[in-house]
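K.L.:
Input: one structure, supplied below.
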Amino acid sequence: MTTMETQELLRKVGVNLELHDQLIAYNNRLFETTIRSAANRPAAMEYFDEAFHASHASRVGEILDYRTKGGKSIGTFCIYVPDEIALAADVLPIPLCGGSQWPVDYADKMFPRDICPLIRSTFGMAFSGTCPYKKLKDAAVGETTCDAKKKAWDLLGFEVMEIPQKKAEIDRDLWLSEVIRFRGFVEKLSGVTVTAERLKETIKLANKRRKVLQEVNDFRRLPNPPISGLDALLVSQIALSQDIHVFISGCERLIDELRRRADRGISAYAQAGSRVMIAGTPSPMGNAKVHFALESSGLRVVADESCTGIRYYRDLVDETPDDIDGMMKAIADRYFSIDCSCFSPNKERIENILRTIKEYDIDGVVHNILSFCHTYNVEAGIVDKALARIEIPSLKIVTDYSFEDIEQLRVRIESFSELLKPVMT
Ligand code: BJ8
């Protein structure tokens with residue numbers, strides 16, 4: 001798309017062009033500094049780089065076309081909202097979590113300053129008129145995860161899915177009823193009934209997206225990963241923003257190249273470095289700060305225990321049921337296994353972390369916690385107790401999207417690196 005065409009498109013969807021130029025200049029500068037700083041990037045990352053820029057250009061045009069032809073869409077803010085059901089009702093989910101620092105202060109119009117930057121960035125974009133998707137959604141679906149999100153949905157009058165806070169049978173039943181209610185909601189929105197045939201197809205499609213993400217990330221288990229943590233993060237971020245079919249093809253090309261690189265022993269890293277896992281809050285598109293701070297300090301981020309990582313693609317929906325009730329239950333079960341820190345207790349998360357440490361041969365864990373995210377911040381203490389038992393060091397980083405503390409982070413990362421086992425490769 002030419003610049004003129006993009007501007008025309010953005011004007012059509014009500015974007016404030018002057019402020020949007022500032023947002024894009026800011027985001028592009030950071031993208032070049034962080035994601036594109038990796039030493040030896042696979043050529044197939046080109047699709048993901050382009051998709052990053054397309055999210056405020058041609059992807060907007062695709063969604064506009066879809067709606068002009070009568071399609072419906074919903075804005076979403078959490079990986080608990082089941083894509084398969086929305087897609088089966090011909091409703092396109094558009095994940096809207098913001099990862100850019102630029103719009104954060106515009107959230108002051110409605111929100112206090114002392115809440116998580118993810119929420120402030122998301123709504124700062126909407127309030128500043130720089131979110132191209134604001135007018136492209138027919139409804140917004142929130143969820144009862146953390147307190148700040150719950151109350152934001154009340155304030156904005158969004159539809160809300162109730163996520164239970166415990167994992168007993170009564171909670172599982174409540175969640176299944178919410179998933180069924182969500183089906184009714186999207187059916188009503190689009191006027192399309194979810195059939196067993198259609199749901200079977202969308203279950204397989206969403207699973208396919210998870211499977212290609214699993215395959216890409218499996219390469220990070222190798223002693224010399226052919227893909228960096230920064231690039232793997234970009235792949236996960238793009239999974240949430242681009243057309244699902246095009247995304248799957250982009251991953252398949254990347255997997256082919258990673259296989260060739262692995263066979264030839266080509267590493268994404270210029271030098272040896274200890275292997276760390278990032279654990280905690282998501283890093284939505286625009287935010288790669290902690291990954292960048294770690295990898296530019298000589299560490300290798302080889303696993304992401306977050307919703308822009310393993311938590312998003314680890315579990316598949318069971319594809320065996322053929323009847324609609326069985327499929328709805330399979331979907332509810334799969335989403336109920338997500339181990340977000342909003343659950344109490346959250347034993348599965350600890351078990352999953354310990355398993356991932358073994359599978360990815362992790363030397364140390366870095367808690368990446370967005371400021372004011374109390375559940376992940378407090379739960380880091382529970383994770384640390386488990387890590388101490390297996391003698392894995394950890395570092396807790398509580399930060400926002402701004403780069404003001406980057407030098408402080410580097411100093412802390414340097415001391416943390418000294419605790420990690422000596423680098424062998
Ligand atoms: S399933 S992690 S996407 S809620 S907004 S909880 S960072 S204070 S994003 Fe999340 Fe769903 Fe859980 Fe994943 Fe904390 Fe911020 Fe709340 Fe957040």
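Residue names in the structure tokens use chain letters A, B, ... in the order shown, residue numbers from 1 in each chain, and ligand numbers from 1 in the order shown.
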Counting only C-alpha atoms and all ligand atoms, what residues are within 8 Å of ligand 1, given as a PyMOL selection string?
P.N.:
chain A and resi 77-80+115-119+143+145-149+280-282+306-307+311+338-342+369-376
K.L.:
Using DSSP on the backbone, list every residue of range 302-372 of chain A that comes out as helix (DSSP H, G or I), and give them as a PyMOL selection string.
P.N.:
chain A and resi 310-313+324-336+347-359
K.L.:
Could you list, as a PDB file with all heavy atoms, in the first residue's frame, every residue within 12 Å of Ala262 in chain A, counting only C-alpha atoms and ignoring same-chain residues fewer than 3 positions away?
P.N.:
ATOM      1  N   PRO A  42      16.323 -14.927  10.502  1.00  0.00           N
ATOM      2  CA  PRO A  42      15.905 -15.723   9.350  1.00  0.00           C
ATOM      3  C   PRO A  42      15.257 -14.829   8.285  1.00  0.00           C
ATOM      4  O   PRO A  42      14.543 -13.876   8.622  1.00  0.00           O
ATOM      5  CB  PRO A  42      14.854 -16.679   9.936  1.00  0.00           C
ATOM      6  CG  PRO A  42      15.070 -16.653  11.419  1.00  0.00           C
ATOM      7  CD  PRO A  42      15.637 -15.309  11.742  1.00  0.00           C
ATOM      8  N   VAL A 216       7.423 -23.557  15.718  1.00  0.00           N
ATOM      9  CA  VAL A 216       8.420 -22.468  15.692  1.00  0.00           C
ATOM     10  C   VAL A 216       9.181 -22.455  17.018  1.00  0.00           C
ATOM     11  O   VAL A 216      10.413 -22.400  17.058  1.00  0.00           O
ATOM     12  CB  VAL A 216       7.744 -21.092  15.452  1.00  0.00           C
ATOM     13  CG1 VAL A 216       8.714 -19.952  15.723  1.00  0.00           C
ATOM     14  CG2 VAL A 216       7.181 -21.000  14.040  1.00  0.00           C
ATOM     15  N   ASP A 218       9.547 -24.796  19.247  1.00  0.00           N
ATOM     16  CA  ASP A 218      10.345 -25.995  19.539  1.00  0.00           C
ATOM     17  C   ASP A 218      11.815 -25.798  19.152  1.00  0.00           C
ATOM     18  O   ASP A 218      12.709 -26.382  19.772  1.00  0.00           O
ATOM     19  CB  ASP A 218       9.777 -27.209  18.785  1.00  0.00           C
ATOM     20  CG  ASP A 218       8.600 -27.829  19.531  1.00  0.00           C
ATOM     21  OD1 ASP A 218       8.357 -27.425  20.689  1.00  0.00           O
ATOM     22  OD2 ASP A 218       7.917 -28.691  18.947  1.00  0.00           O
ATOM     23  N   PHE A 219      12.065 -24.990  18.121  1.00  0.00           N
ATOM     24  CA  PHE A 219      13.461 -24.760  17.710  1.00  0.00           C
ATOM     25  C   PHE A 219      14.258 -24.031  18.791  1.00  0.00           C
ATOM     26  O   PHE A 219      15.482 -24.072  18.790  1.00  0.00           O
ATOM     27  CB  PHE A 219      13.520 -23.955  16.405  1.00  0.00           C
ATOM     28  CG  PHE A 219      13.100 -24.753  15.199  1.00  0.00           C
ATOM     29  CD1 PHE A 219      11.833 -24.619  14.662  1.00  0.00           C
ATOM     30  CD2 PHE A 219      13.981 -25.656  14.616  1.00  0.00           C
ATOM     31  CE1 PHE A 219      11.439 -25.367  13.562  1.00  0.00           C
ATOM     32  CE2 PHE A 219      13.602 -26.410  13.513  1.00  0.00           C
ATOM     33  CZ  PHE A 219      12.325 -26.262  12.976  1.00  0.00           C
ATOM     34  N   ARG A 220      13.559 -23.381  19.694  1.00  0.00           N
ATOM     35  CA  ARG A 220      14.267 -22.650  20.757  1.00  0.00           C
ATOM     36  C   ARG A 220      14.810 -23.601  21.831  1.00  0.00           C
ATOM     37  O   ARG A 220      15.560 -23.190  22.698  1.00  0.00           O
ATOM     38  CB  ARG A 220      13.332 -21.605  21.386  1.00  0.00           C
ATOM     39  CG  ARG A 220      12.855 -20.599  20.354  1.00  0.00           C
ATOM     40  CD  ARG A 220      11.717 -19.758  20.888  1.00  0.00           C
ATOM     41  NE  ARG A 220      12.135 -18.704  21.783  1.00  0.00           N
ATOM     42  CZ  ARG A 220      11.305 -17.992  22.539  1.00  0.00           C
ATOM     43  NH1 ARG A 220      10.013 -18.260  22.518  1.00  0.00           N
ATOM     44  NH2 ARG A 220      11.761 -17.045  23.322  1.00  0.00           N
ATOM     45  N   ARG A 221      14.403 -24.875  21.750  1.00  0.00           N
ATOM     46  CA  ARG A 221      14.943 -25.851  22.709  1.00  0.00           C
ATOM     47  C   ARG A 221      16.365 -26.261  22.336  1.00  0.00           C
ATOM     48  O   ARG A 221      17.080 -26.840  23.148  1.00  0.00           O
ATOM     49  CB  ARG A 221      14.092 -27.126  22.708  1.00  0.00           C
ATOM     50  CG  ARG A 221      12.662 -26.899  23.094  1.00  0.00           C
ATOM     51  CD  ARG A 221      11.949 -28.234  23.094  1.00  0.00           C
ATOM     52  NE  ARG A 221      10.509 -28.043  23.183  1.00  0.00           N
ATOM     53  CZ  ARG A 221       9.684 -28.909  23.742  1.00  0.00           C
ATOM     54  NH1 ARG A 221      10.135 -30.028  24.247  1.00  0.00           N
ATOM     55  NH2 ARG A 221       8.392 -28.670  23.783  1.00  0.00           N
ATOM     56  N   LEU A 222      16.759 -26.017  21.083  1.00  0.00           N
ATOM     57  CA  LEU A 222      18.080 -26.459  20.631  1.00  0.00           C
ATOM     58  C   LEU A 222      19.182 -25.698  21.369  1.00  0.00           C
ATOM     59  O   LEU A 222      18.998 -24.538  21.753  1.00  0.00           O
ATOM     60  CB  LEU A 222      18.220 -26.227  19.122  1.00  0.00           C
ATOM     61  CG  LEU A 222      17.247 -27.040  18.245  1.00  0.00           C
ATOM     62  CD1 LEU A 222      17.358 -26.617  16.782  1.00  0.00           C
ATOM     63  CD2 LEU A 222      17.534 -28.528  18.385  1.00  0.00           C
ATOM     64  N   PRO A 223      20.363 -26.339  21.524  1.00  0.00           N
ATOM     65  CA  PRO A 223      21.458 -25.638  22.212  1.00  0.00           C
ATOM     66  C   PRO A 223      21.816 -24.328  21.511  1.00  0.00           C
ATOM     67  O   PRO A 223      22.172 -23.349  22.163  1.00  0.00           O
ATOM     68  CB  PRO A 223      22.622 -26.635  22.127  1.00  0.00           C
ATOM     69  CG  PRO A 223      22.013 -27.954  21.825  1.00  0.00           C
ATOM     70  CD  PRO A 223      20.704 -27.711  21.138  1.00  0.00           C
ATOM     71  N   ASN A 224      21.704 -24.322  20.182  1.00  0.00           N
ATOM     72  CA  ASN A 224      21.971 -23.102  19.419  1.00  0.00           C
ATOM     73  C   ASN A 224      20.711 -22.695  18.681  1.00  0.00           C
ATOM     74  O   ASN A 224      20.526 -23.021  17.510  1.00  0.00           O
ATOM     75  CB  ASN A 224      23.067 -23.377  18.390  1.00  0.00           C
ATOM     76  CG  ASN A 224      24.340 -22.675  18.761  1.00  0.00           C
ATOM     77  OD1 ASN A 224      24.306 -21.622  19.408  1.00  0.00           O
ATOM     78  ND2 ASN A 224      25.453 -23.246  18.367  1.00  0.00           N
ATOM     79  N   PRO A 225      19.795 -21.960  19.304  1.00  0.00           N
ATOM     80  CA  PRO A 225      18.503 -21.697  18.660  1.00  0.00           C
ATOM     81  C   PRO A 225      18.662 -20.926  17.345  1.00  0.00           C
ATOM     82  O   PRO A 225      19.375 -19.915  17.307  1.00  0.00           O
ATOM     83  CB  PRO A 225      17.756 -20.855  19.690  1.00  0.00           C
ATOM     84  CG  PRO A 225      18.463 -21.078  20.975  1.00  0.00           C
ATOM     85  CD  PRO A 225      19.899 -21.340  20.623  1.00  0.00           C
ATOM     86  N   PRO A 226      17.994 -21.383  16.274  1.00  0.00           N
ATOM     87  CA  PRO A 226      18.086 -20.668  14.999  1.00  0.00           C
ATOM     88  C   PRO A 226      17.194 -19.426  14.946  1.00  0.00           C
ATOM     89  O   PRO A 226      17.168 -18.719  13.946  1.00  0.00           O
ATOM     90  CB  PRO A 226      17.635 -21.720  13.976  1.00  0.00           C
ATOM     91  CG  PRO A 226      16.759 -22.647  14.739  1.00  0.00           C
ATOM     92  CD  PRO A 226      17.228 -22.640  16.165  1.00  0.00           C
ATOM     93  N   ILE A 227      16.422 -19.184  16.009  1.00  0.00           N
ATOM     94  CA  ILE A 227      15.572 -17.984  16.081  1.00  0.00           C
ATOM     95  C   ILE A 227      15.779 -17.343  17.451  1.00  0.00           C
ATOM     96  O   ILE A 227      15.870 -18.044  18.469  1.00  0.00           O
ATOM     97  CB  ILE A 227      14.087 -18.332  15.813  1.00  0.00           C
ATOM     98  CG1 ILE A 227      13.218 -17.071  15.851  1.00  0.00           C
ATOM     99  CG2 ILE A 227      13.536 -19.386  16.787  1.00  0.00           C
ATOM    100  CD1 ILE A 227      11.822 -17.265  15.259  1.00  0.00           C
ATOM    101  N   LEU A 254       8.608 -20.031   7.723  1.00  0.00           N
ATOM    102  CA  LEU A 254       9.629 -19.839   8.763  1.00  0.00           C
ATOM    103  C   LEU A 254      10.122 -21.196   9.286  1.00  0.00           C
ATOM    104  O   LEU A 254      11.332 -21.394   9.474  1.00  0.00           O
ATOM    105  CB  LEU A 254       9.043 -18.991   9.908  1.00  0.00           C
ATOM    106  CG  LEU A 254       9.953 -18.728  11.099  1.00  0.00           C
ATOM    107  CD1 LEU A 254      11.209 -17.955  10.694  1.00  0.00           C
ATOM    108  CD2 LEU A 254       9.217 -17.950  12.204  1.00  0.00           C
ATOM    109  N   ILE A 255       9.206 -22.115   9.511  1.00  0.00           N
ATOM    110  CA  ILE A 255       9.582 -23.448  10.033  1.00  0.00           C
ATOM    111  C   ILE A 255      10.537 -24.142   9.052  1.00  0.00           C
ATOM    112  O   ILE A 255      11.552 -24.716   9.471  1.00  0.00           O
ATOM    113  CB  ILE A 255       8.316 -24.304  10.299  1.00  0.00           C
ATOM    114  CG1 ILE A 255       7.544 -23.723  11.490  1.00  0.00           C
ATOM    115  CG2 ILE A 255       8.680 -25.772  10.556  1.00  0.00           C
ATOM    116  CD1 ILE A 255       6.101 -24.194  11.610  1.00  0.00           C
ATOM    117  N   ASP A 256      10.229 -24.064   7.742  1.00  0.00           N
ATOM    118  CA  ASP A 256      11.131 -24.674   6.733  1.00  0.00           C
ATOM    119  C   ASP A 256      12.534 -24.096   6.865  1.00  0.00           C
ATOM    120  O   ASP A 256      13.527 -24.806   6.853  1.00  0.00           O
ATOM    121  CB  ASP A 256      10.618 -24.387   5.305  1.00  0.00           C
ATOM    122  CG  ASP A 256       9.433 -25.264   4.973  1.00  0.00           C
ATOM    123  OD1 ASP A 256       9.211 -26.254   5.702  1.00  0.00           O
ATOM    124  OD2 ASP A 256       8.726 -24.943   4.001  1.00  0.00           O
ATOM    125  N   GLU A 257      12.582 -22.770   6.993  1.00  0.00           N
ATOM    126  CA  GLU A 257      13.908 -22.134   7.079  1.00  0.00           C
ATOM    127  C   GLU A 257      14.603 -22.489   8.399  1.00  0.00           C
ATOM    128  O   GLU A 257      15.811 -22.760   8.413  1.00  0.00           O
ATOM    129  CB  GLU A 257      13.793 -20.610   6.942  1.00  0.00           C
ATOM    130  CG  GLU A 257      15.163 -19.959   6.913  1.00  0.00           C
ATOM    131  CD  GLU A 257      15.120 -18.441   6.744  1.00  0.00           C
ATOM    132  OE1 GLU A 257      14.025 -17.883   6.529  1.00  0.00           O
ATOM    133  OE2 GLU A 257      16.202 -17.824   6.834  1.00  0.00           O
ATOM    134  N   LEU A 258      13.855 -22.534   9.476  1.00  0.00           N
ATOM    135  CA  LEU A 258      14.471 -22.860  10.772  1.00  0.00           C
ATOM    136  C   LEU A 258      15.013 -24.290  10.753  1.00  0.00           C
ATOM    137  O   LEU A 258      16.068 -24.570  11.336  1.00  0.00           O
ATOM    138  CB  LEU A 258      13.462 -22.674  11.915  1.00  0.00           C
ATOM    139  CG  LEU A 258      13.022 -21.228  12.174  1.00  0.00           C
ATOM    140  CD1 LEU A 258      11.995 -21.168  13.304  1.00  0.00           C
ATOM    141  CD2 LEU A 258      14.216 -20.335  12.525  1.00  0.00           C
ATOM    142  N   ARG A 259      14.287 -25.174  10.049  1.00  0.00           N
ATOM    143  CA  ARG A 259      14.767 -26.560   9.938  1.00  0.00           C
ATOM    144  C   ARG A 259      16.122 -26.587   9.212  1.00  0.00           C
ATOM    145  O   ARG A 259      17.059 -27.240   9.654  1.00  0.00           O
ATOM    146  CB  ARG A 259      13.732 -27.381   9.167  1.00  0.00           C
ATOM    147  CG  ARG A 259      13.801 -28.848   9.475  1.00  0.00           C
ATOM    148  CD  ARG A 259      12.629 -29.605   8.880  1.00  0.00           C
ATOM    149  NE  ARG A 259      11.379 -29.414   9.590  1.00  0.00           N
ATOM    150  CZ  ARG A 259      10.223 -29.051   9.032  1.00  0.00           C
ATOM    151  NH1 ARG A 259      10.153 -28.840   7.733  1.00  0.00           N
ATOM    152  NH2 ARG A 259       9.132 -28.917   9.761  1.00  0.00           N
ATOM    153  N   GLY A 265      23.396 -25.877  11.751  1.00  0.00           N
ATOM    154  CA  GLY A 265      23.943 -25.320  12.997  1.00  0.00           C
ATOM    155  C   GLY A 265      24.011 -23.788  12.976  1.00  0.00           C
ATOM    156  O   GLY A 265      24.855 -23.190  13.649  1.00  0.00           O
ATOM    157  N   ILE A 266      23.108 -23.146  12.209  1.00  0.00           N
ATOM    158  CA  ILE A 266      23.125 -21.668  12.155  1.00  0.00           C
ATOM    159  C   ILE A 266      22.345 -21.105  13.345  1.00  0.00           C
ATOM    160  O   ILE A 266      21.163 -21.400  13.525  1.00  0.00           O
ATOM    161  CB  ILE A 266      22.507 -21.154  10.837  1.00  0.00           C
ATOM    162  CG1 ILE A 266      23.311 -21.674   9.645  1.00  0.00           C
ATOM    163  CG2 ILE A 266      22.416 -19.622  10.825  1.00  0.00           C
ATOM    164  CD1 ILE A 266      22.703 -21.344   8.293  1.00  0.00           C
ATOM    165  N   SER A 267      23.006 -20.304  14.147  1.00  0.00           N
ATOM    166  CA  SER A 267      22.360 -19.729  15.336  1.00  0.00           C
ATOM    167  C   SER A 267      21.872 -18.311  15.048  1.00  0.00           C
ATOM    168  O   SER A 267      22.421 -17.614  14.202  1.00  0.00           O
ATOM    169  CB  SER A 267      23.382 -19.682  16.478  1.00  0.00           C
ATOM    170  OG  SER A 267      22.865 -18.944  17.557  1.00  0.00           O
ATOM    171  N   ALA A 268      20.834 -17.914  15.788  1.00  0.00           N
ATOM    172  CA  ALA A 268      20.347 -16.530  15.672  1.00  0.00           C
ATOM    173  C   ALA A 268      21.234 -15.576  16.469  1.00  0.00           C
ATOM    174  O   ALA A 268      21.107 -14.368  16.361  1.00  0.00           O
ATOM    175  CB  ALA A 268      18.926 -16.444  16.200  1.00  0.00           C
TER     176      ALA A 268
END
K.L.:
Which residues, written as a ChimeraX atom specification, have at least one atom at most 12 Å from Ile248 in chain A, with only C-alpha atoms counted and residues fewer than 2 positions away on the same chain left out?
P.N.:
/A:47-48,205-216,235-236,238-240,242-246,250-255
K.L.:
Given only C-alpha atoms, how would the per-residue table for range 47-160 of chain A near range 17-34 of chain A read, listing every residue at most 9 Å away with its closest atom pair and distance in Å to one decimal, sorted by chain and number, as a Markdown table?
P.N.:
| residue | atom | partner | partner_atom | distance |
| --- | --- | --- | --- | --- |
| A:Phe52 | CA | A:Phe31 | CA | 8.9 |
| A:His53 | CA | A:Asn28 | CA | 8.2 |
| A:His56 | CA | A:Ile24 | CA | 8.4 |
| A:Ser100 | CA | A:Asn27 | CA | 6.9 |
| A:Gln101 | CA | A:Asn27 | CA | 8.7 |
| A:Trp102 | CA | A:Leu23 | CA | 6.1 |
| A:Pro103 | CA | A:Leu23 | CA | 7.4 |
| A:Met125 | CA | A:Leu23 | CA | 8.9 |
| A:Ser128 | CA | A:Leu19 | CA | 7.4 |
| A:Gly129 | CA | A:Leu19 | CA | 7.7 |
| A:Thr130 | CA | A:His20 | CA | 5.0 |
| A:Cys131 | CA | A:His20 | CA | 8.2 |
K.L.:
Do you have the CA of Lys135 in chain A-CA of Leu156 in chain A distance handy?
P.N.:
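Value for the CA of Lys135 in chain A-CA of Leu156 in chain A distance: 14.6 Å.
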K.L.:
For Ser177 in chain A, please output as a list of chain:residue names all residues within 12 Å (counting only C-alpha atoms; exclusion window: fewer than 2 positions along the same chain).
P.N.:
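Listing them by chain and then by number gives A:Met161, A:Glu162, A:Ile163, A:Pro164, A:Ile170, A:Asp171, A:Arg172, A:Asp173, A:Leu174, A:Trp175, A:Val179, A:Ile180, A:Arg181, A:Phe182, A:Arg183, A:Gly184, A:Asp325, A:Met328, A:Lys329, A:Ile331, A:Ala332, A:Asp333.
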K.L.:
Give me a file of those residues, with C-alpha atoms, as a PDB file, in the first residue's frame.
P.N.:
ATOM      1  CA  MET A 161     -17.337 -13.002  30.080  1.00  0.00           C
ATOM      2  CA  GLU A 162     -17.130 -14.214  33.653  1.00  0.00           C
ATOM      3  CA  ILE A 163     -13.841 -16.042  34.267  1.00  0.00           C
ATOM      4  CA  PRO A 164     -14.061 -18.020  37.520  1.00  0.00           C
ATOM      5  CA  ILE A 170     -18.591 -25.641  40.225  1.00  0.00           C
ATOM      6  CA  ASP A 171     -16.218 -23.165  38.530  1.00  0.00           C
ATOM      7  CA  ARG A 172     -15.811 -25.435  35.510  1.00  0.00           C
ATOM      8  CA  ASP A 173     -19.627 -25.573  35.174  1.00  0.00           C
ATOM      9  CA  LEU A 174     -19.859 -21.794  35.443  1.00  0.00           C
ATOM     10  CA  TRP A 175     -17.204 -21.394  32.755  1.00  0.00           C
ATOM     11  CA  VAL A 179     -18.794 -20.186  26.876  1.00  0.00           C
ATOM     12  CA  ILE A 180     -22.305 -21.251  25.789  1.00  0.00           C
ATOM     13  CA  ARG A 181     -23.598 -17.751  26.539  1.00  0.00           C
ATOM     14  CA  PHE A 182     -20.757 -16.313  24.415  1.00  0.00           C
ATOM     15  CA  ARG A 183     -21.920 -18.490  21.518  1.00  0.00           C
ATOM     16  CA  GLY A 184     -25.403 -16.962  21.838  1.00  0.00           C
ATOM     17  CA  ASP A 325     -22.368 -30.003  22.924  1.00  0.00           C
ATOM     18  CA  MET A 328     -18.474 -26.685  23.313  1.00  0.00           C
ATOM     19  CA  LYS A 329     -17.302 -28.707  26.297  1.00  0.00           C
ATOM     20  CA  ILE A 331     -13.495 -25.678  23.977  1.00  0.00           C
ATOM     21  CA  ALA A 332     -14.461 -24.765  27.549  1.00  0.00           C
ATOM     22  CA  ASP A 333     -12.035 -27.384  28.937  1.00  0.00           C
TER      23      ASP A 333
END
K.L.:
Just the residues within 8 Å of Leu96 in chain A, please, counting only C-alpha atoms, with nothing from its chain fewer than 3 positions along; format it as a list in words.
P.N.:
Gly75, Thr76, Phe77 and Thr122 of chain A
K.L.:
Please list as a PyMOL selection string every residue within 12 Å of Arg355 in chain A, counting only C-alpha atoms and excluding residues in the same chain fewer than 6 positions away.
P.N.:
chain A and resi 277+303+305+310+348-349+361-362+386-387+390
